[in-house]
$ cat final-v4.pdb   # PDB, C-alpha atoms, pLDDT in the B column
MODEL        1
ATOM      1  CA  MET V   1     -13.816 -47.485  22.869  1.00 43.00           C
ATOM      2  CA  LYS V   2     -10.947 -49.030  24.726  1.00 50.00           C
ATOM      3  CA  ASN V   3      -7.907 -47.190  26.025  1.00 53.00           C
ATOM      4  CA  THR V   4      -5.179 -47.052  23.398  1.00 65.00           C
ATOM      5  CA  LYS V   5      -2.074 -48.793  24.711  1.00 89.00           C
ATOM      6  CA  ASN V   6      -1.106 -49.592  21.128  1.00 96.00           C
ATOM      7  CA  VAL V   7      -2.536 -49.057  17.674  1.00 97.00           C
ATOM      8  CA  ALA V   8      -2.605 -51.969  15.210  1.00 97.00           C
ATOM      9  CA  LEU V   9      -3.098 -51.227  11.526  1.00 98.00           C
ATOM     10  CA  ILE V  10      -4.775 -53.902   9.413  1.00 98.00           C
ATOM     11  CA  GLY V  11      -5.710 -53.921   5.748  1.00 97.00           C
ATOM     12  CA  MET V  12      -4.857 -55.160   2.299  1.00 94.00           C
ATOM     13  CA  PRO V  13      -1.263 -55.369   1.084  1.00 91.00           C
ATOM     14  CA  ALA V  14      -0.074 -52.075  -0.459  1.00 88.00           C
ATOM     15  CA  VAL V  15      -2.668 -50.003   1.398  1.00 92.00           C
ATOM     16  CA  GLY V  16       0.138 -48.179   3.228  1.00 92.00           C
ATOM     17  CA  LYS V  17       0.114 -49.728   6.709  1.00 95.00           C
ATOM     18  CA  SER V  18       3.885 -49.426   7.117  1.00 95.00           C
ATOM     19  CA  THR V  19       4.175 -45.919   5.687  1.00 95.00           C
ATOM     20  CA  VAL V  20       1.194 -44.610   7.652  1.00 97.00           C
ATOM     21  CA  GLY V  21       2.372 -46.516  10.726  1.00 97.00           C
ATOM     22  CA  VAL V  22       5.735 -44.744  10.827  1.00 97.00           C
ATOM     23  CA  LEU V  23       4.068 -41.336  10.467  1.00 97.00           C
ATOM     24  CA  LEU V  24       1.437 -42.196  13.067  1.00 97.00           C
ATOM     25  CA  ALA V  25       4.037 -43.428  15.568  1.00 97.00           C
ATOM     26  CA  LYS V  26       6.055 -40.251  15.117  1.00 97.00           C
ATOM     27  CA  LYS V  27       2.995 -38.030  15.643  1.00 95.00           C
ATOM     28  CA  MET V  28       1.852 -39.989  18.701  1.00 94.00           C
ATOM     29  CA  GLY V  29       5.295 -40.390  20.268  1.00 95.00           C
ATOM     30  CA  PHE V  30       4.978 -44.179  20.012  1.00 96.00           C
ATOM     31  CA  ASP V  31       7.465 -46.803  18.830  1.00 97.00           C
ATOM     32  CA  PHE V  32       6.812 -48.627  15.568  1.00 98.00           C
ATOM     33  CA  VAL V  33       6.780 -52.337  14.674  1.00 97.00           C
ATOM     34  CA  ASP V  34       6.293 -53.724  11.172  1.00 97.00           C
ATOM     35  CA  THR V  35       5.346 -57.371  11.640  1.00 97.00           C
ATOM     36  CA  ASP V  36       6.387 -58.347   8.102  1.00 95.00           C
ATOM     37  CA  ILE V  37       9.911 -57.080   8.791  1.00 96.00           C
ATOM     38  CA  LEU V  38       9.865 -58.714  12.228  1.00 97.00           C
ATOM     39  CA  ILE V  39       8.952 -62.088  10.691  1.00 97.00           C
ATOM     40  CA  GLN V  40      11.580 -61.778   7.962  1.00 96.00           C
ATOM     41  CA  ALA V  41      14.280 -60.901  10.492  1.00 97.00           C
ATOM     42  CA  LYS V  42      13.385 -63.730  12.871  1.00 96.00           C
ATOM     43  CA  GLU V  43      12.996 -66.314  10.101  1.00 97.00           C
ATOM     44  CA  ASP V  44      16.030 -65.048   8.131  1.00 97.00           C
ATOM     45  CA  GLN V  45      13.970 -65.254   4.925  1.00 96.00           C
ATOM     46  CA  THR V  46      11.702 -62.975   2.939  1.00 94.00           C
ATOM     47  CA  LEU V  47       7.960 -63.517   3.190  1.00 93.00           C
ATOM     48  CA  ALA V  48       7.962 -64.762  -0.399  1.00 91.00           C
ATOM     49  CA  GLN V  49      10.647 -67.343   0.466  1.00 93.00           C
ATOM     50  CA  ILE V  50       8.721 -68.573   3.503  1.00 95.00           C
ATOM     51  CA  ILE V  51       5.531 -68.976   1.465  1.00 93.00           C
ATOM     52  CA  ALA V  52       7.369 -70.671  -1.431  1.00 91.00           C
ATOM     53  CA  ARG V  53       9.322 -73.059   0.796  1.00 94.00           C
ATOM     54  CA  GLN V  54       6.786 -73.860   3.506  1.00 94.00           C
ATOM     55  CA  GLY V  55       3.417 -73.145   1.924  1.00 93.00           C
ATOM     56  CA  LEU V  56       0.643 -70.733   2.750  1.00 93.00           C
ATOM     57  CA  GLU V  57      -0.772 -72.545   5.793  1.00 94.00           C
ATOM     58  CA  GLN V  58       2.625 -72.889   7.447  1.00 96.00           C
ATOM     59  CA  PHE V  59       3.361 -69.221   6.721  1.00 96.00           C
ATOM     60  CA  LEU V  60       0.111 -68.236   8.459  1.00 96.00           C
ATOM     61  CA  GLU V  61       1.128 -70.304  11.497  1.00 96.00           C
ATOM     62  CA  ILE V  62       4.579 -68.679  11.552  1.00 97.00           C
ATOM     63  CA  GLU V  63       2.945 -65.256  11.308  1.00 96.00           C
ATOM     64  CA  LYS V  64       0.580 -66.136  14.152  1.00 97.00           C
ATOM     65  CA  GLN V  65       3.374 -67.303  16.444  1.00 97.00           C
ATOM     66  CA  HIS V  66       5.464 -64.183  15.900  1.00 97.00           C
ATOM     67  CA  LEU V  67       2.491 -61.912  16.514  1.00 96.00           C
ATOM     68  CA  LEU V  68       1.494 -63.773  19.671  1.00 96.00           C
ATOM     69  CA  ASP V  69       5.011 -63.048  20.947  1.00 96.00           C
ATOM     70  CA  ILE V  70       4.502 -59.285  20.660  1.00 95.00           C
ATOM     71  CA  HIS V  71       4.012 -57.723  24.087  1.00 94.00           C
ATOM     72  CA  CYS V  72       4.436 -53.973  24.036  1.00 94.00           C
ATOM     73  CA  ILE V  73       2.960 -50.671  25.109  1.00 94.00           C
ATOM     74  CA  ARG V  74       2.859 -47.383  23.179  1.00 96.00           C
ATOM     75  CA  HIS V  75       3.547 -48.934  19.781  1.00 97.00           C
ATOM     76  CA  VAL V  76       1.997 -48.604  16.364  1.00 98.00           C
ATOM     77  CA  ILE V  77       1.966 -52.092  14.863  1.00 98.00           C
ATOM     78  CA  ALA V  78       1.719 -52.438  11.089  1.00 98.00           C
ATOM     79  CA  THR V  79       0.516 -55.975  10.487  1.00 97.00           C
ATOM     80  CA  GLY V  80       0.718 -58.143   7.415  1.00 93.00           C
ATOM     81  CA  GLY V  81      -2.473 -58.246   5.380  1.00 93.00           C
ATOM     82  CA  SER V  82      -3.042 -61.897   6.264  1.00 94.00           C
ATOM     83  CA  VAL V  83      -3.094 -61.382  10.047  1.00 96.00           C
ATOM     84  CA  VAL V  84      -6.914 -61.607  10.042  1.00 97.00           C
ATOM     85  CA  TYR V  85      -6.845 -65.286   9.068  1.00 96.00           C
ATOM     86  CA  ARG V  86      -5.984 -66.351  12.617  1.00 96.00           C
ATOM     87  CA  PRO V  87      -8.600 -65.449  15.269  1.00 96.00           C
ATOM     88  CA  GLU V  88      -6.071 -66.070  18.071  1.00 96.00           C
ATOM     89  CA  THR V  89      -3.818 -63.409  16.629  1.00 96.00           C
ATOM     90  CA  MET V  90      -6.628 -60.905  16.313  1.00 97.00           C
ATOM     91  CA  GLN V  91      -7.763 -61.627  19.891  1.00 96.00           C
ATOM     92  CA  HIS V  92      -4.203 -60.985  21.096  1.00 96.00           C
ATOM     93  CA  LEU V  93      -4.084 -57.654  19.248  1.00 96.00           C
ATOM     94  CA  ALA V  94      -7.553 -56.699  20.478  1.00 95.00           C
ATOM     95  CA  GLU V  95      -6.462 -57.108  24.096  1.00 94.00           C
ATOM     96  CA  THR V  96      -3.872 -54.307  23.918  1.00 91.00           C
ATOM     97  CA  CYS V  97      -4.567 -52.365  20.719  1.00 95.00           C
ATOM     98  CA  THR V  98      -7.061 -50.167  19.060  1.00 95.00           C
ATOM     99  CA  ILE V  99      -7.344 -51.903  15.711  1.00 97.00           C
ATOM    100  CA  VAL V 100      -7.654 -49.576  12.727  1.00 97.00           C
ATOM    101  CA  TYR V 101      -8.590 -50.967   9.335  1.00 98.00           C
ATOM    102  CA  LEU V 102      -7.066 -48.977   6.479  1.00 97.00           C
ATOM    103  CA  ALA V 103      -9.722 -49.482   3.810  1.00 96.00           C
ATOM    104  CA  ILE V 104      -9.022 -49.005   0.129  1.00 93.00           C
ATOM    105  CA  ASP V 105     -11.170 -49.412  -2.970  1.00 92.00           C
ATOM    106  CA  LEU V 106     -10.408 -52.400  -5.171  1.00 92.00           C
ATOM    107  CA  ASP V 107      -9.569 -50.272  -8.214  1.00 91.00           C
ATOM    108  CA  VAL V 108      -7.000 -48.271  -6.230  1.00 89.00           C
ATOM    109  CA  LEU V 109      -5.563 -51.476  -4.765  1.00 88.00           C
ATOM    110  CA  LYS V 110      -5.078 -52.930  -8.235  1.00 87.00           C
ATOM    111  CA  THR V 111      -2.963 -49.921  -9.259  1.00 85.00           C
ATOM    112  CA  ARG V 112      -0.712 -50.409  -6.201  1.00 83.00           C
ATOM    113  CA  LEU V 113      -0.452 -54.190  -5.961  1.00 81.00           C
ATOM    114  CA  SER V 114       0.971 -55.737  -9.081  1.00 72.00           C
ATOM    115  CA  ASP V 115       3.223 -58.658  -8.148  1.00 71.00           C
ATOM    116  CA  VAL V 116       1.739 -60.676  -5.292  1.00 70.00           C
ATOM    117  CA  ILE V 117       4.406 -63.376  -5.545  1.00 66.00           C
ATOM    118  CA  THR V 118       7.591 -61.332  -5.056  1.00 66.00           C
ATOM    119  CA  ARG V 119       5.854 -59.122  -2.524  1.00 72.00           C
ATOM    120  CA  GLY V 120       5.076 -62.191  -0.402  1.00 74.00           C
ATOM    121  CA  VAL V 121       1.308 -61.804  -0.322  1.00 82.00           C
ATOM    122  CA  ALA V 122      -0.448 -64.699   1.424  1.00 84.00           C
ATOM    123  CA  ILE V 123      -2.749 -65.745  -1.407  1.00 84.00           C
ATOM    124  CA  SER V 124      -3.905 -69.216  -2.386  1.00 84.00           C
ATOM    125  CA  PRO V 125      -2.769 -70.480  -5.790  1.00 83.00           C
ATOM    126  CA  GLY V 126      -5.207 -69.576  -8.529  1.00 85.00           C
ATOM    127  CA  LYS V 127      -6.809 -66.714  -6.601  1.00 88.00           C
ATOM    128  CA  SER V 128      -6.880 -63.201  -8.012  1.00 88.00           C
ATOM    129  CA  ILE V 129      -6.524 -59.861  -6.269  1.00 90.00           C
ATOM    130  CA  ASP V 130     -10.313 -59.526  -6.641  1.00 91.00           C
ATOM    131  CA  ASP V 131     -10.796 -62.859  -4.827  1.00 93.00           C
ATOM    132  CA  LEU V 132      -8.388 -61.849  -2.076  1.00 92.00           C
ATOM    133  CA  TYR V 133     -10.172 -58.518  -1.636  1.00 94.00           C
ATOM    134  CA  ARG V 134     -13.622 -60.136  -1.372  1.00 95.00           C
ATOM    135  CA  GLU V 135     -12.271 -62.705   1.091  1.00 95.00           C
ATOM    136  CA  ARG V 136     -10.431 -60.304   3.400  1.00 95.00           C
ATOM    137  CA  VAL V 137     -12.574 -57.162   3.560  1.00 97.00           C
ATOM    138  CA  PRO V 138     -15.288 -58.792   5.739  1.00 97.00           C
ATOM    139  CA  LEU V 139     -12.567 -60.010   8.116  1.00 97.00           C
ATOM    140  CA  TYR V 140     -10.967 -56.561   8.371  1.00 98.00           C
ATOM    141  CA  GLU V 141     -14.375 -55.045   9.079  1.00 97.00           C
ATOM    142  CA  LYS V 142     -15.117 -57.715  11.689  1.00 97.00           C
ATOM    143  CA  TYR V 143     -11.970 -57.061  13.713  1.00 97.00           C
ATOM    144  CA  ALA V 144     -11.638 -53.288  13.329  1.00 97.00           C
ATOM    145  CA  ASP V 145     -12.380 -50.860  16.144  1.00 95.00           C
ATOM    146  CA  GLN V 146     -12.184 -48.077  13.570  1.00 95.00           C
ATOM    147  CA  VAL V 147     -12.314 -48.026   9.784  1.00 95.00           C
ATOM    148  CA  CYS V 148     -10.245 -45.392   8.012  1.00 95.00           C
ATOM    149  CA  HIS V 149     -11.240 -45.007   4.369  1.00 93.00           C
ATOM    150  CA  CYS V 150      -7.977 -44.073   2.681  1.00 90.00           C
ATOM    151  CA  LYS V 151      -9.316 -43.432  -0.822  1.00 82.00           C
ATOM    152  CA  LYS V 152      -6.468 -41.725  -2.694  1.00 80.00           C
ATOM    153  CA  GLN V 153      -5.245 -39.779   0.329  1.00 88.00           C
ATOM    154  CA  LEU V 154      -1.576 -39.278   1.082  1.00 91.00           C
ATOM    155  CA  PRO V 155      -0.106 -41.197   4.050  1.00 94.00           C
ATOM    156  CA  GLU V 156       0.189 -37.964   6.069  1.00 94.00           C
ATOM    157  CA  GLN V 157      -3.540 -37.321   5.591  1.00 94.00           C
ATOM    158  CA  VAL V 158      -4.402 -40.872   6.655  1.00 95.00           C
ATOM    159  CA  ALA V 159      -2.248 -40.562   9.799  1.00 96.00           C
ATOM    160  CA  LYS V 160      -3.992 -37.295  10.729  1.00 94.00           C
ATOM    161  CA  LYS V 161      -7.383 -38.935  10.185  1.00 94.00           C
ATOM    162  CA  ILE V 162      -6.443 -41.818  12.525  1.00 95.00           C
ATOM    163  CA  ILE V 163      -5.233 -39.405  15.208  1.00 94.00           C
ATOM    164  CA  HIS V 164      -8.560 -37.606  14.906  1.00 91.00           C
ATOM    165  CA  PHE V 165     -10.413 -40.922  15.359  1.00 90.00           C
ATOM    166  CA  LEU V 166      -8.296 -41.847  18.368  1.00 89.00           C
ATOM    167  CA  SER V 167      -8.571 -38.459  20.080  1.00 87.00           C
ATOM    168  CA  ASN V 168     -12.344 -38.404  19.627  1.00 79.00           C
ATOM    169  CA  ASP V 169     -12.638 -41.933  21.058  1.00 61.00           C
ATOM    170  CA  ARG V 170     -10.706 -41.058  24.196  1.00 49.00           C
ATOM    171  CA  THR V 171     -13.089 -38.299  25.227  1.00 38.00           C
TER     172      THR V 171
ENDMDL
END

$ encode --input "final-v4.pdb" --output "structure tokens"
Amino acid sequence: MKNTKNVALIGMPAVGKSTVGVLLAKKMGFDFVDTDILIQAKEDQTLAQIIARQGLEQFLEIEKQHLLDIHCIRHVIATGGSVVYRPETMQHLAETCTIVYLAIDLDVLKTRLSDVITRGVAISPGKSIDDLYRERVPLYEKYADQVCHCKKQLPEQVAKKIIHFLSNDRT
């Protein structure tokens, strides 16, 4: 396992990347970056507005460019769920991060993720949450250094589990 300069959290929307990320950063003494918030601030629009106005492909390019501009040390980075669609972005994260996939079962996801449009989920028109799940899970697994199965655990429990993974990998 590589040395942890940063930790990047990947996974489906509503899995808890931001919530867990804040807790994890606090426990590790790291700073925290939420890439969805970063993109919204730099673009002066919500994710949903960017997708509606510019389309899914352009949104993914905007996301990629903002993530490629991230150069930091000792940060927990909560990424948007669509980050795995751009190999260049994942390569950039892999160079300085331990990438942790927060895995969630589809049935649990469906109880958490109801409105993909207003939330700004990068999903092709006509696709369902089931389709999105089947499409993304193999990508998350491909890029992850560690997989953290969240099940129905509380964010605090997930953060502790990740710290356990990271401390065991450093030895």

$ residues_near_point --input "final-v4.pdb" --point "(-0.4, -64.5, 14.3)" --cutoff "8 Å" --atoms "only C-alpha atoms" --output "list of chain:residue names"
V:Leu60, V:Glu61, V:Ile62, V:Glu63, V:Lys64, V:Gln65, V:His66, V:Leu67, V:Leu68, V:Val83, V:Arg86, V:Glu88, V:Thr89, V:Met90

$ closest_residue --input "final-v4.pdb" --among "V:Ala103, V:Ile70, V:Val108, V:Ile77" --to "Leu139 (chain V)" --atoms "only C-alpha atoms"
V:Ala103

$ atom_distance --input "final-v4.pdb" --atom1 "CA of Val76 (chain V)" --atom2 "CA of Pro155 (chain V)"
14.5 Å

$ atom_distance --input "final-v4.pdb" --atom1 "CA of Arg74 (chain V)" --atom2 "CA of Gln153 (chain V)"
25.4 Å

$ residues_around --input "final-v4.pdb" --residues "Gln146 (chain V)" --least-positions-apart "3" --cutoff "7 Å" --atoms "only C-alpha atoms" --output "tab-separated table (two decimals) with C-alpha atoms, keeping the file's coordinate frame"
chain	number	residue	atom	x	y	z
V	99	ILE	CA	-7.34	-51.90	15.71
V	100	VAL	CA	-7.65	-49.58	12.73
V	101	TYR	CA	-8.59	-50.97	9.34

$ closest_residue --input "final-v4.pdb" --among "V:Phe59, V:Phe165, V:Tyr85, V:Tyr140" --to "Asp36 (chain V)" --atoms "only C-alpha atoms"
V:Phe59

$ closest_residue --input "final-v4.pdb" --among "V:Ile163, V:Leu24, V:Ala48, V:Val158" --to "Leu102 (chain V)" --atoms "all atoms listed in the file"
V:Val158

$ resolve_selection --input "final-v4.pdb" --expression "the PyMOL selection byres ((chain V and resi 109) around 9)" --output "list in words"
Met12, Pro13, Ala14, Val15, Ile104, Asp105, Leu106, Asp107, Val108, Lys110, Thr111, Arg112, Leu113, Ser114, Ile129 and Tyr133 of chain V

$ closest_residue --input "final-v4.pdb" --among "V:Ala78, V:Val121, V:Ala41, V:Leu166" --to "Val20 (chain V)" --atoms "all atoms listed in the file"
V:Ala78

$ resolve_selection --input "final-v4.pdb" --expression "the PyMOL selection byres ((chain V and resi 122) around 8)" --output "PDB file with C-alpha atoms, keeping the file's coordinate frame"
ATOM      1  CA  ILE V  51       5.531 -68.976   1.465  1.00 93.00           C
ATOM      2  CA  LEU V  56       0.643 -70.733   2.750  1.00 93.00           C
ATOM      3  CA  PHE V  59       3.361 -69.221   6.721  1.00 96.00           C
ATOM      4  CA  LEU V  60       0.111 -68.236   8.459  1.00 96.00           C
ATOM      5  CA  GLY V  81      -2.473 -58.246   5.380  1.00 93.00           C
ATOM      6  CA  SER V  82      -3.042 -61.897   6.264  1.00 94.00           C
ATOM      7  CA  GLY V 120       5.076 -62.191  -0.402  1.00 74.00           C
ATOM      8  CA  VAL V 121       1.308 -61.804  -0.322  1.00 82.00           C
ATOM      9  CA  ILE V 123      -2.749 -65.745  -1.407  1.00 84.00           C
ATOM     10  CA  SER V 124      -3.905 -69.216  -2.386  1.00 84.00           C
TER      11      SER V 124
END

$ atom_distance --input "final-v4.pdb" --atom1 "CA of Lys152 (chain V)" --atom2 "CA of Leu93 (chain V)"
27.2 Å

$ axis_aligned_box --input "final-v4.pdb" --around "region 131-139 of chain V" --padding-each-side "4 Å" --output "lines of an AutoDock Vina configuration file"
center_x = -11.8
center_y = -60.0
center_z = 1.6
size_x = 14.9
size_y = 13.7
size_z = 20.9

$ closest_residue --input "final-v4.pdb" --among "V:Lys5, V:Thr79, V:Gln58, V:Val84" --to "Lys142 (chain V)" --atoms "all atoms listed in the file"
V:Val84

$ closest_residue --input "final-v4.pdb" --among "V:Leu154, V:Cys148, V:Leu132, V:Val116" --to "Leu23 (chain V)" --atoms "only C-alpha atoms"
V:Leu154

$ resolve_selection --input "final-v4.pdb" --expression "the PyMOL selection byres ((chain V and resi 98) around 7)" --output "PyMOL selection string"
chain V and resi 2+4+6-8+94+97+99-100+145
